[in-house]
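Asks: Structure in structure tokens, see below.
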Amino acid sequence: MPSAKTLTPLLALALASTSARSQQKPLMVEHGVYQVHSLLHAIGTEEYTITDLRDGRRTITSTTTTNDRGTKRTITATLTYGLHFEPFSLTQQSSPAAVSETEIKGNSATVKELDQTRTMAKPAIAFVGAAYMPAAVQMTLMRYYTAHHEPTRIPILRASPQALPLEIKLVGNDAFQIKGQMVRLKRYTVANLMFGREILWMNDSNRVAATMTFAGGLPQEEVLDEYESATNSIFHSGVRQEMLDLADIDLQAPPEASGTYAIVGARLIDGTGSPAIEHATVLIKNGRIVSAGPWLPPPGVRIIHAEGKTLLPGLWEMHTHYSGVEFGPALLAAGVTTARDCGGEFDFLTTIRSAIDAEKNNVLGPRLLFAGLIDAGGPLAFGAFDAETPAEGVRIVDLYADNHFEQIKVYTQLKPDVLRAITAEAHKRGLTVTGHVPAAVNTFQGIDDGMDQINHLQFITRGMRPEGDTGPVDLNSQRAKDLIALLKAKNIVVDPTDGWGEMAGHPKSIDAASFEPGVNAAPYTLTSKFRAMGVPATDASKFRARMDENLKVIKALYDAGVPIIAGSDTGLIGYGLDRELELYVQAGMTPMAAIQTATLNAARAMRLDSESGTIQPGKRADLVLLDANPLDNISNIRRVDKVITDGRMYDSKKLARSVGFTR
């Protein structure tokens with residue numbers, strides 16, 4: 001055993017060695033670049049670097065730079081962690097404002113996100129998080145997961161206690177050919193990172209090879225550079241995994257009735273515009289409505305008692321970006337039985353539609369209708385299908401038509417000659433054309449070039465102003481009158497998405513829940529997203545003036561007989577449609593007229609009114625049962641008890657809970 005005299009030099013030597021190591025410059029130990037995609041269209045990169053700080057800690061720094069349709073964004077994340085990937089701090093910034101900061105000291109963690117701060121006891125197993133998790137931060141999460149014996153749940157340190165633990169599952173193994181070599185990746189799902197289950201692939205070096213986030217809004221994908229050539233194959237695997245995830249969800253909310261049964265005693269709003277019928281009976285058989293009216297059910301038929309409730313046609317969500325299998329239960333829970341996708345991922349959409357339409361399956365989701373997206377190429381493009389020439393436009397239209405899409409959605413960067421070629425081919429193939437009015441034409445010209453429908457009220461208000469004018473709309477101007485007359489004469493269908501404009505453009509000083517109470521019932525991954533939305537510098541009076549102007553334009557279109565249909569775009573799933581109808585009533589529509597924008601009007605716009613959109617004999621049994629009368633108060637549209645899709649009845653609360661809502 002060393003003496004005191006020999007111990008002191010040994011200790012001094014150890015301390016000197018430690019000091020020398022700590023004074024060494026940090027060493028870069030890993031670097032990588034991810035390609036970032038939206039709807040499989042490259043929009044930027046994420047570059048990360050891992051640095052060894054030489055004191056038992058490492059830092060991973062990630063910078064994500066994207067340009068999505070002209071909106072440039074840079075997100076920088078810095079995560080410091082220990083020998084076993086245990087996090088010490090996370091700072092994440094989205095220029096120019098800080099998004100979140102997490103600092104862990106001992107057994108305590110403090111998290112700051114926007115205006116919310118929370119200090120909590122840190123569980124023995126836990127990881128840091130933020131509203132947006134770059135692939136590099138997720139890679140450290142996965143390494144932490146592996147180093148800590150793959151726990152079933154990992155608490156996520158967020159500013160709200162509502163944040164649910166992450167659930168990571170190894171769900172499969174994939175093999176892909178890359179440059180003649182077979183590459184094997186492990187496939188995982190990660191729940192509660194954002195809405196829905198993200199799909200993530202890890203390689204043999206414990207690096208994230210790719211991520212696919214469907215349900216967090218618009219689909220987004222990230223692929224490590226070395227795997228970019230296998231992008232399509234990787235995401236085909238991801239779609240297959242989505243369907244496996246949906247099969248799990250289906251088991252949580254089985255149908256409560258199917259086949260032949262009668263709904264008895266409800267107030268019937270049939271959607272035709274006729275007065276409501278009290279104490280009605282609707283007989284359903286094999287997915288069809290047999291009868292509806294004030295009579296008794298036939299003997300021997302199963303009876304669903306609905307006294308005191310209100311029955312109306314299933315709702316149509318006419319502007320969604322159906323971005324994951326979780327959308328289906330969420331929409332059904334809100335009474336949506338038909339949804340039009342206005343720009344999603346081709347493989348996923350066609351796969352989920354086939355599953356829902358298969359009669360032998362009880363797959364949770366509304367009937368899906370598709371508007372196939374076409375834009376021009378370049379950095380401002382949206383979606384995976386670009387048309388720079390008329391011939392390219394025709395080819396893409398034919399691809400969509402061959403795959404049974406109902407519409408074409410044109411987008412902002414299309415040239416006039418390409419737009420005309422697209423509309424001509426679409427009409428030739430029996431498809432209608434909706435979308436944005438391309439920037440190269442005005443609204444009058446877009447209609448002349450063959451557009452049948454217009455998404456977003458902004459293209460109507462823009463068309464009502466003189467060219468280049470951004471001032472208030474004068475509904476008494478000749479230009480505004482001419483546009484309304486043209487819309488009416490051509491029967492142009494307008495999809496205002498006013499609720500999405502309200503959500504995206506409201507001042508941060510106004511709580512989103514004050515106009516969209518559905519955020520209080522949404523899972524935290526969505527609640528935090530929508531509560532964070534809004535414009536910091538927007539004056540509340542200017543915002544209200546803009547909303548008031550929009551409502552006046554909607555009322556003018558309605559009064560003139562221009563067909564209006566309801567859609568929420570990327571608003572809060574399900575509830576966004578409810579908010580749209582509330583705004584229409586604020587604009588001056590009757591509750592019945594507002595309901596028809598999401599039932600009969602929508603069915604007519606899609607040429608399906610002979611078989612859906614109202615409660616009449618022979619039509620599809622798509623209905624929604626409410627706990628209160630929406631004709632008394634349109635907000636009662638939110639009070640869904642049961643939903644019937646293609647004759648199958650589901651409980652709204654069970655559907656909602658299956659994807660994290662507390663409706």
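Scheme for the structure tokens: letters A, B, ... for chains in order shown; per-chain residue numbers from 1; ligand numbers from 1 in order shown.
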Please provide the set of residues having any atom within 12 Å of A:Ser274, restricted to only C-alpha atoms, with same-chain residues fewer than 4 positions apart removed, written as a CSV table (one decimal) with N, CA, C and O atoms, in the first residue's frame.
Replies:
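And here is the file that came out, part28.csv:
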chain,number,residue,atom,x,y,z
A,268,LEU,N,-84.4,14.4,-37.0
A,268,LEU,CA,-83.7,14.1,-38.3
A,268,LEU,C,-83.6,15.4,-39.1
A,268,LEU,O,-84.5,16.0,-39.5
A,269,ILE,N,-82.3,15.7,-39.4
A,269,ILE,CA,-82.0,16.8,-40.3
A,269,ILE,C,-81.4,16.1,-41.6
A,269,ILE,O,-80.3,15.6,-41.5
A,270,ASP,N,-82.2,15.9,-42.6
A,270,ASP,CA,-81.8,15.1,-43.7
A,270,ASP,C,-80.8,15.7,-44.7
A,270,ASP,O,-80.3,15.1,-45.6
A,293,GLY,N,-87.8,8.7,-41.9
A,293,GLY,CA,-89.0,9.5,-41.7
A,293,GLY,C,-89.7,9.2,-40.4
A,293,GLY,O,-89.2,8.5,-39.5
A,312,LEU,N,-78.0,13.7,-38.6
A,312,LEU,CA,-77.8,14.4,-39.8
A,312,LEU,C,-76.8,13.7,-40.7
A,312,LEU,O,-76.1,12.7,-40.3
A,592,MET,N,-78.5,25.7,-41.1
A,592,MET,CA,-78.8,24.7,-42.1
A,592,MET,C,-77.9,24.9,-43.3
A,592,MET,O,-77.3,23.9,-43.9
A,593,ALA,N,-77.7,26.1,-43.8
A,593,ALA,CA,-76.9,26.4,-44.9
A,593,ALA,C,-75.4,26.0,-44.7
A,593,ALA,O,-74.7,25.5,-45.5
A,596,GLN,N,-75.0,22.3,-44.9
A,596,GLN,CA,-75.0,21.9,-46.3
A,596,GLN,C,-73.7,22.1,-47.0
A,596,GLN,O,-73.4,21.4,-47.9
A,614,THR,N,-77.0,13.4,-48.3
A,614,THR,CA,-78.3,13.6,-47.6
A,614,THR,C,-78.8,12.3,-47.1
A,614,THR,O,-78.3,11.2,-47.5
A,615,ILE,N,-79.7,12.3,-46.2
A,615,ILE,CA,-80.3,11.1,-45.6
A,615,ILE,C,-81.6,10.8,-46.4
A,615,ILE,O,-82.7,11.3,-46.1
A,616,GLN,N,-81.4,9.9,-47.4
A,616,GLN,CA,-82.6,9.6,-48.2
A,616,GLN,C,-82.4,8.1,-48.6
A,616,GLN,O,-81.3,7.6,-48.7
Asks: Leaving out A:His506 and any residue of its chain fewer than 4 positions from it, which residues lie within 9 Å of it when counting only C-alpha atoms, given as a PyMOL selection string?
Replies: chain A and resi 501-502+510-512+533-536+538-540+543-544
Asks: Give me the residues near A:Ala253 as JSON, numbers by chain, where near means some atom within 8 Å (using only C-alpha atoms) and where sequence neighbours in that chain fewer than 5 positions away do not count.
Replies: {"A": [650, 651, 654, 655, 658]}
Asks: For A:Phe370, please output as a list in words all residues within 7 Å (counting only C-alpha atoms; exclusion window: fewer than 5 positions along the same chain).
Replies: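 Those residues are Arg340, Asp341, Cys342, Phe405, Glu406 and Gln407 of chain A.
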Asks: Using the selection just defined, write its residues with all heavy atoms as an mmCIF file, in the first residue's frame.
Replies:
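Once everything was written out, this is part.cif:
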data_model
loop_
_atom_site.group_PDB
_atom_site.id
_atom_site.type_symbol
_atom_site.label_atom_id
_atom_site.label_comp_id
_atom_site.auth_asym_id
_atom_site.auth_seq_id
_atom_site.Cartn_x
_atom_site.Cartn_y
_atom_site.Cartn_z
ATOM 1 N N ARG A 340 -61.800 14.815 -48.610
ATOM 2 C CA ARG A 340 -61.063 15.045 -49.859
ATOM 3 C C ARG A 340 -59.636 15.447 -49.519
ATOM 4 O O ARG A 340 -59.408 16.451 -48.872
ATOM 5 C CB ARG A 340 -61.726 16.142 -50.686
ATOM 6 C CG ARG A 340 -60.948 16.471 -51.956
ATOM 7 C CD ARG A 340 -61.604 17.552 -52.791
ATOM 8 N NE ARG A 340 -61.552 18.866 -52.162
ATOM 9 C CZ ARG A 340 -61.866 19.998 -52.792
ATOM 10 N NH1 ARG A 340 -62.279 19.970 -54.054
ATOM 11 N NH2 ARG A 340 -61.804 21.166 -52.164
ATOM 12 N N ASP A 341 -58.680 14.646 -49.969
ATOM 13 C CA ASP A 341 -57.279 15.005 -49.813
ATOM 14 C C ASP A 341 -56.882 15.963 -50.923
ATOM 15 O O ASP A 341 -57.138 15.701 -52.099
ATOM 16 C CB ASP A 341 -56.377 13.774 -49.868
ATOM 17 C CG ASP A 341 -54.917 14.152 -49.733
ATOM 18 O OD1 ASP A 341 -54.455 14.285 -48.586
ATOM 19 O OD2 ASP A 341 -54.261 14.351 -50.771
ATOM 20 N N CYS A 342 -56.233 17.060 -50.542
ATOM 21 C CA CYS A 342 -55.839 18.090 -51.510
ATOM 22 C C CYS A 342 -54.322 18.180 -51.647
ATOM 23 O O CYS A 342 -53.759 19.267 -51.716
ATOM 24 C CB CYS A 342 -56.426 19.440 -51.104
ATOM 25 S SG CYS A 342 -58.207 19.580 -51.357
ATOM 26 N N PHE A 405 -58.147 8.966 -59.282
ATOM 27 C CA PHE A 405 -58.310 10.226 -58.568
ATOM 28 C C PHE A 405 -59.527 10.942 -59.149
ATOM 29 O O PHE A 405 -59.820 10.835 -60.344
ATOM 30 C CB PHE A 405 -57.073 11.103 -58.716
ATOM 31 C CG PHE A 405 -55.934 10.722 -57.802
ATOM 32 C CD1 PHE A 405 -55.403 9.434 -57.809
ATOM 33 C CD2 PHE A 405 -55.382 11.652 -56.940
ATOM 34 C CE1 PHE A 405 -54.357 9.083 -56.972
ATOM 35 C CE2 PHE A 405 -54.335 11.313 -56.091
ATOM 36 C CZ PHE A 405 -53.817 10.028 -56.106
ATOM 37 N N GLU A 406 -60.230 11.693 -58.307
ATOM 38 C CA GLU A 406 -61.443 12.383 -58.753
ATOM 39 C C GLU A 406 -61.152 13.758 -59.335
ATOM 40 O O GLU A 406 -61.943 14.272 -60.140
ATOM 41 C CB GLU A 406 -62.416 12.557 -57.573
ATOM 42 C CG GLU A 406 -63.122 11.293 -57.138
ATOM 43 C CD GLU A 406 -62.257 10.362 -56.306
ATOM 44 O OE1 GLU A 406 -61.187 10.819 -55.809
ATOM 45 O OE2 GLU A 406 -62.626 9.177 -56.130
ATOM 46 N N GLN A 407 -60.031 14.352 -58.930
ATOM 47 C CA GLN A 407 -59.730 15.716 -59.334
ATOM 48 C C GLN A 407 -58.236 15.896 -59.556
ATOM 49 O O GLN A 407 -57.422 15.059 -59.160
ATOM 50 C CB GLN A 407 -60.158 16.708 -58.234
ATOM 51 C CG GLN A 407 -61.652 16.857 -58.037
ATOM 52 C CD GLN A 407 -61.961 17.962 -57.044
ATOM 53 O OE1 GLN A 407 -61.462 17.965 -55.924
ATOM 54 N NE2 GLN A 407 -62.797 18.918 -57.448
#
Asks: One decimal, Å: what's the distance from atom CA of A:Lys488 over to atom CA of A:Pro438, could you say?
Replies: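 These atoms are spaced 20.8 Å apart.
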Asks: Where in stretch 346-384 of chain A does DSSP assign alpha helix (DSSP H), given as a list in words?
Replies: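 Everything in stretch 346-384 of chain A that counts as alpha helix (DSSP H) is Phe346, Asp347, Phe348, Leu349, Thr350, Thr351, Ile352, Arg353, Ser354, Ala355, Ile356 and Asp357 of chain A.
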Asks: Residues within 7 Å of stretch 60-67 of chain A, please, as a PyMOL selection string. Count only C-alpha atoms; anything in the same chain fewer than 5 positions from it doesn't count.
Replies: chain A and resi 43-51+72-80+136
Asks: Keeping N, CA, C and O atoms, export the residues of the selection given above as a PDB file, in the first residue's frame.
Replies:
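The file below, part.pdb, is the result:
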ATOM      1  N   ILE A  43     -36.705  19.774 -49.800  1.00  0.00           N
ATOM      2  CA  ILE A  43     -36.855  21.177 -49.419  1.00  0.00           C
ATOM      3  C   ILE A  43     -35.666  21.698 -48.627  1.00  0.00           C
ATOM      4  O   ILE A  43     -35.656  22.872 -48.252  1.00  0.00           O
ATOM      5  N   GLY A  44     -34.663  20.871 -48.352  1.00  0.00           N
ATOM      6  CA  GLY A  44     -33.518  21.369 -47.608  1.00  0.00           C
ATOM      7  C   GLY A  44     -32.678  20.256 -47.025  1.00  0.00           C
ATOM      8  O   GLY A  44     -32.770  19.089 -47.440  1.00  0.00           O
ATOM      9  N   THR A  45     -31.852  20.610 -46.061  1.00  0.00           N
ATOM     10  CA  THR A  45     -30.935  19.650 -45.448  1.00  0.00           C
ATOM     11  C   THR A  45     -30.871  19.860 -43.931  1.00  0.00           C
ATOM     12  O   THR A  45     -31.164  20.939 -43.421  1.00  0.00           O
ATOM     13  N   GLU A  46     -30.476  18.789 -43.259  1.00  0.00           N
ATOM     14  CA  GLU A  46     -30.082  18.861 -41.860  1.00  0.00           C
ATOM     15  C   GLU A  46     -28.650  18.355 -41.763  1.00  0.00           C
ATOM     16  O   GLU A  46     -28.350  17.238 -42.198  1.00  0.00           O
ATOM     17  N   GLU A  47     -27.779  19.162 -41.223  1.00  0.00           N
ATOM     18  CA  GLU A  47     -26.375  18.778 -41.055  1.00  0.00           C
ATOM     19  C   GLU A  47     -26.059  18.733 -39.569  1.00  0.00           C
ATOM     20  O   GLU A  47     -26.408  19.646 -38.822  1.00  0.00           O
ATOM     21  N   TYR A  48     -25.399  17.659 -39.140  1.00  0.00           N
ATOM     22  CA  TYR A  48     -25.083  17.544 -37.722  1.00  0.00           C
ATOM     23  C   TYR A  48     -23.608  17.209 -37.528  1.00  0.00           C
ATOM     24  O   TYR A  48     -22.950  16.625 -38.392  1.00  0.00           O
ATOM     25  N   THR A  49     -23.112  17.589 -36.345  1.00  0.00           N
ATOM     26  CA  THR A  49     -21.742  17.294 -35.942  1.00  0.00           C
ATOM     27  C   THR A  49     -21.754  16.882 -34.479  1.00  0.00           C
ATOM     28  O   THR A  49     -22.417  17.518 -33.654  1.00  0.00           O
ATOM     29  N   ILE A  50     -21.039  15.808 -34.143  1.00  0.00           N
ATOM     30  CA  ILE A  50     -20.868  15.391 -32.758  1.00  0.00           C
ATOM     31  C   ILE A  50     -19.435  15.712 -32.348  1.00  0.00           C
ATOM     32  O   ILE A  50     -18.479  15.337 -33.032  1.00  0.00           O
ATOM     33  N   THR A  51     -19.312  16.421 -31.241  1.00  0.00           N
ATOM     34  CA  THR A  51     -18.008  16.854 -30.747  1.00  0.00           C
ATOM     35  C   THR A  51     -17.771  16.281 -29.358  1.00  0.00           C
ATOM     36  O   THR A  51     -18.639  16.369 -28.484  1.00  0.00           O
ATOM     37  N   LYS A  72     -38.384  30.370 -45.929  1.00  0.00           N
ATOM     38  CA  LYS A  72     -37.095  29.862 -45.491  1.00  0.00           C
ATOM     39  C   LYS A  72     -37.076  29.773 -43.965  1.00  0.00           C
ATOM     40  O   LYS A  72     -37.567  30.659 -43.272  1.00  0.00           O
ATOM     41  N   ARG A  73     -36.486  28.701 -43.471  1.00  0.00           N
ATOM     42  CA  ARG A  73     -36.462  28.467 -42.032  1.00  0.00           C
ATOM     43  C   ARG A  73     -35.166  27.777 -41.653  1.00  0.00           C
ATOM     44  O   ARG A  73     -34.709  26.867 -42.353  1.00  0.00           O
ATOM     45  N   THR A  74     -34.579  28.223 -40.566  1.00  0.00           N
ATOM     46  CA  THR A  74     -33.380  27.584 -40.027  1.00  0.00           C
ATOM     47  C   THR A  74     -33.638  27.216 -38.578  1.00  0.00           C
ATOM     48  O   THR A  74     -34.065  28.056 -37.779  1.00  0.00           O
ATOM     49  N   ILE A  75     -33.411  25.952 -38.240  1.00  0.00           N
ATOM     50  CA  ILE A  75     -33.571  25.467 -36.874  1.00  0.00           C
ATOM     51  C   ILE A  75     -32.230  24.905 -36.425  1.00  0.00           C
ATOM     52  O   ILE A  75     -31.648  24.052 -37.102  1.00  0.00           O
ATOM     53  N   THR A  76     -31.734  25.401 -35.308  1.00  0.00           N
ATOM     54  CA  THR A  76     -30.471  24.927 -34.750  1.00  0.00           C
ATOM     55  C   THR A  76     -30.735  24.283 -33.399  1.00  0.00           C
ATOM     56  O   THR A  76     -31.399  24.872 -32.536  1.00  0.00           O
ATOM     57  N   ALA A  77     -30.243  23.076 -33.233  1.00  0.00           N
ATOM     58  CA  ALA A  77     -30.398  22.355 -31.971  1.00  0.00           C
ATOM     59  C   ALA A  77     -29.019  21.965 -31.451  1.00  0.00           C
ATOM     60  O   ALA A  77     -28.174  21.482 -32.222  1.00  0.00           O
ATOM     61  N   THR A  78     -28.790  22.191 -30.155  1.00  0.00           N
ATOM     62  CA  THR A  78     -27.538  21.796 -29.514  1.00  0.00           C
ATOM     63  C   THR A  78     -27.873  20.956 -28.292  1.00  0.00           C
ATOM     64  O   THR A  78     -28.547  21.434 -27.368  1.00  0.00           O
ATOM     65  N   LEU A  79     -27.426  19.715 -28.310  1.00  0.00           N
ATOM     66  CA  LEU A  79     -27.702  18.765 -27.233  1.00  0.00           C
ATOM     67  C   LEU A  79     -26.372  18.315 -26.632  1.00  0.00           C
ATOM     68  O   LEU A  79     -25.492  17.835 -27.346  1.00  0.00           O
ATOM     69  N   THR A  80     -26.241  18.466 -25.329  1.00  0.00           N
ATOM     70  CA  THR A  80     -25.061  17.985 -24.611  1.00  0.00           C
ATOM     71  C   THR A  80     -25.463  16.767 -23.787  1.00  0.00           C
ATOM     72  O   THR A  80     -26.498  16.782 -23.107  1.00  0.00           O
ATOM     73  N   ALA A 136     -30.929  14.179 -35.962  1.00  0.00           N
ATOM     74  CA  ALA A 136     -29.731  13.956 -35.165  1.00  0.00           C
ATOM     75  C   ALA A 136     -30.060  13.845 -33.680  1.00  0.00           C
ATOM     76  O   ALA A 136     -29.459  13.042 -32.954  1.00  0.00           O
TER      77      ALA A 136
END
Asks: Using only C-alpha atoms, can you tell me which of A:His236, A:Lys619, A:Arg429, A:Arg607 comes closest to A:Ala292?
Replies: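 Ranked by minimum distance to A:Ala292, first place goes to A:Lys619.
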Asks: Write out as a CSV table (one decimal) with N, CA, C and O atoms, in the first residue's frame the residues lying within 12 Å of A:Arg153, counting only C-alpha atoms and excluding same-chain residues fewer than 3 positions away.
Replies:
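Okay, this is what ended up in out-v1.csv:
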chain,number,residue,atom,x,y,z
A,123,PRO,N,-37.0,12.0,-13.8
A,123,PRO,CA,-37.0,10.5,-13.6
A,123,PRO,C,-35.7,9.9,-13.9
A,123,PRO,O,-34.9,10.4,-14.6
A,125,ILE,N,-35.0,7.4,-15.8
A,125,ILE,CA,-35.0,7.3,-17.2
A,125,ILE,C,-35.8,8.4,-17.8
A,125,ILE,O,-37.0,8.5,-17.6
A,126,ALA,N,-35.2,9.2,-18.7
A,126,ALA,CA,-36.0,10.3,-19.3
A,126,ALA,C,-35.1,10.9,-20.4
A,126,ALA,O,-33.8,10.8,-20.3
A,127,PHE,N,-35.7,11.6,-21.3
A,127,PHE,CA,-35.0,12.2,-22.4
A,127,PHE,C,-35.6,13.6,-22.6
A,127,PHE,O,-36.7,13.9,-22.3
A,145,TYR,N,-31.9,5.0,-25.8
A,145,TYR,CA,-32.8,3.9,-25.7
A,145,TYR,C,-32.1,2.5,-25.6
A,145,TYR,O,-32.3,1.7,-24.8
A,148,HIS,N,-29.9,2.0,-22.5
A,148,HIS,CA,-30.7,1.8,-21.2
A,148,HIS,C,-31.6,0.6,-21.4
A,148,HIS,O,-32.7,0.7,-20.8
A,149,HIS,N,-31.2,-0.3,-22.1
A,149,HIS,CA,-31.9,-1.6,-22.2
A,149,HIS,C,-33.3,-1.5,-22.8
A,149,HIS,O,-34.2,-2.3,-22.4
A,150,GLU,N,-33.5,-0.6,-23.7
A,150,GLU,CA,-34.7,-0.5,-24.5
A,150,GLU,C,-36.0,-0.5,-23.7
A,150,GLU,O,-36.8,-1.4,-23.7
A,156,ILE,N,-40.7,12.1,-21.6
A,156,ILE,CA,-40.1,13.2,-22.4
A,156,ILE,C,-40.2,14.5,-21.6
A,156,ILE,O,-41.3,14.8,-21.1
A,164,LEU,N,-47.0,13.0,-23.1
A,164,LEU,CA,-47.0,11.6,-22.8
A,164,LEU,C,-45.6,11.0,-23.0
A,164,LEU,O,-44.8,11.5,-23.8
A,165,PRO,N,-45.2,9.9,-22.3
A,165,PRO,CA,-43.9,9.2,-22.5
A,165,PRO,C,-43.8,8.7,-24.0
A,165,PRO,O,-44.8,8.4,-24.6
A,166,LEU,N,-42.6,8.7,-24.5
A,166,LEU,CA,-42.3,8.1,-25.8
A,166,LEU,C,-42.4,6.6,-25.7
A,166,LEU,O,-42.0,6.0,-24.7
A,167,GLU,N,-43.0,6.0,-26.7
A,167,GLU,CA,-43.1,4.6,-26.8
A,167,GLU,C,-42.4,4.2,-28.1
A,167,GLU,O,-42.8,4.4,-29.2
A,168,ILE,N,-41.2,3.5,-27.9
A,168,ILE,CA,-40.4,3.1,-29.0
A,168,ILE,C,-40.5,1.6,-29.2
A,168,ILE,O,-40.4,0.8,-28.2
A,169,LYS,N,-40.8,1.1,-30.4
A,169,LYS,CA,-40.9,-0.3,-30.7
A,169,LYS,C,-40.1,-0.7,-31.9
A,169,LYS,O,-40.2,0.0,-32.9
A,190,VAL,N,-42.1,5.3,-33.3
A,190,VAL,CA,-41.9,6.1,-32.1
A,190,VAL,C,-43.2,6.9,-31.9
A,190,VAL,O,-43.6,7.8,-32.7
A,191,ALA,N,-43.9,6.6,-30.8
A,191,ALA,CA,-45.2,7.2,-30.6
A,191,ALA,C,-45.0,8.4,-29.6
A,191,ALA,O,-44.1,8.3,-28.7
A,192,ASN,N,-45.8,9.4,-29.7
A,192,ASN,CA,-45.9,10.6,-28.8
A,192,ASN,C,-44.8,11.5,-29.0
A,192,ASN,O,-44.6,12.5,-28.2
A,193,LEU,N,-43.9,11.3,-30.0
A,193,LEU,CA,-43.0,12.3,-30.4
A,193,LEU,C,-43.7,13.5,-31.1
A,193,LEU,O,-43.3,14.7,-30.8
Asks: Which is closer to A:Pro161 than all the others in A:Met212, A:Val433, A:Ala121, A:Val183, using only C-alpha atoms?
Replies: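 Distance minimum relative to A:Pro161 lands on A:Ala121.
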Asks: Pick out the residues sitting within 8 Å of stretch 474-485 of chain A, and hand them over as a PyMOL selection string; count only C-alpha atoms, and ignore anything fewer than 3 positions along from it in its own chain.
Replies: chain A and resi 444+463-466+488-489+553+556-557+560+562
Asks: Mind listing the strand (DSSP E or B) residues of stretch 512-642 of chain A, per DSSP on the backbone, as a ChimeraX atom specification?
Replies: /A:535,564,569,620,623-626,640-642
Asks: For the residues in that selection, give me C-alpha atoms as a CSV table (one decimal), in the first residue's frame.
Replies:
chain,number,residue,atom,x,y,z
A,535,VAL,CA,-48.1,35.9,-35.6
A,564,ILE,CA,-69.3,27.0,-51.0
A,569,ASP,CA,-56.7,22.5,-44.7
A,620,ARG,CA,-74.9,5.4,-48.5
A,623,LEU,CA,-74.6,9.7,-40.8
A,624,VAL,CA,-73.6,11.4,-37.6
A,625,LEU,CA,-75.6,11.4,-34.3
A,626,LEU,CA,-75.2,14.5,-32.1
A,640,VAL,CA,-70.7,13.9,-31.7
A,641,ASP,CA,-72.1,10.8,-30.0
A,642,LYS,CA,-72.0,8.2,-32.8
Asks: In Å, how far is it from atom CA of A:Ala628 to atom CA of A:Gly499?
Replies: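 For atom CA of A:Ala628 relative to atom CA of A:Gly499, the distance reads 22.6 Å.
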Asks: Please, what distance in Å, to one decimal, runs between atom CA of A:Gln241 and atom CA of A:Tyr144?
Replies: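 Those two atoms sit 23.7 Å apart.
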Asks: Between A:Leu246, A:Lys508, A:Ala621, A:Ala376, which has the minimum distance to A:Ile356 (counting only C-alpha atoms)?
Replies: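 Among the listed residues, the smallest separation from A:Ile356 belongs to A:Leu246.
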Asks: May I have a table of the residues of stretch 418-536 of chain A lying at most 12 Å from stretch 323-334 of chain A, giving each one's closest pair of atoms and their distance in Å to one decimal, counting only C-alpha atoms, ordered by chain and ascending residue number, as JSON lines?
Replies:
{"residue": "A:Gly518", "atom": "CA", "partner": "A:Ala334", "partner_atom": "CA", "distance": 10.5}
{"residue": "A:Ala521", "atom": "CA", "partner": "A:Ala330", "partner_atom": "CA", "distance": 11.4}
{"residue": "A:Ala522", "atom": "CA", "partner": "A:Ala330", "partner_atom": "CA", "distance": 9.7}
{"residue": "A:Pro523", "atom": "CA", "partner": "A:Ala330", "partner_atom": "CA", "distance": 11.0}
Asks: Taking N, CA and C atoms for each residue, export the selection above as a PDB file, in the first residue's frame.
Replies:
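Contents of again02.pdb, as written:
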ATOM      1  N   GLY A 518     -61.258  22.970 -29.380  1.00  0.00           N
ATOM      2  CA  GLY A 518     -60.809  21.606 -29.618  1.00  0.00           C
ATOM      3  C   GLY A 518     -59.365  21.365 -29.233  1.00  0.00           C
ATOM      4  N   ALA A 521     -58.856  19.347 -26.163  1.00  0.00           N
ATOM      5  CA  ALA A 521     -59.156  17.918 -26.192  1.00  0.00           C
ATOM      6  C   ALA A 521     -58.148  17.129 -27.011  1.00  0.00           C
ATOM      7  N   ALA A 522     -57.237  17.826 -27.679  1.00  0.00           N
ATOM      8  CA  ALA A 522     -56.273  17.161 -28.550  1.00  0.00           C
ATOM      9  C   ALA A 522     -55.111  16.596 -27.750  1.00  0.00           C
ATOM     10  N   PRO A 523     -54.412  15.588 -28.279  1.00  0.00           N
ATOM     11  CA  PRO A 523     -53.194  15.119 -27.611  1.00  0.00           C
ATOM     12  C   PRO A 523     -52.161  16.236 -27.538  1.00  0.00           C
TER      13      PRO A 523
END
Asks: So, with only C-alpha atoms as the atoms that count, which of A:Thr102, A:Thr310, A:Asn361, A:Thr590 lies closest to A:Arg639?
Replies: A:Thr310
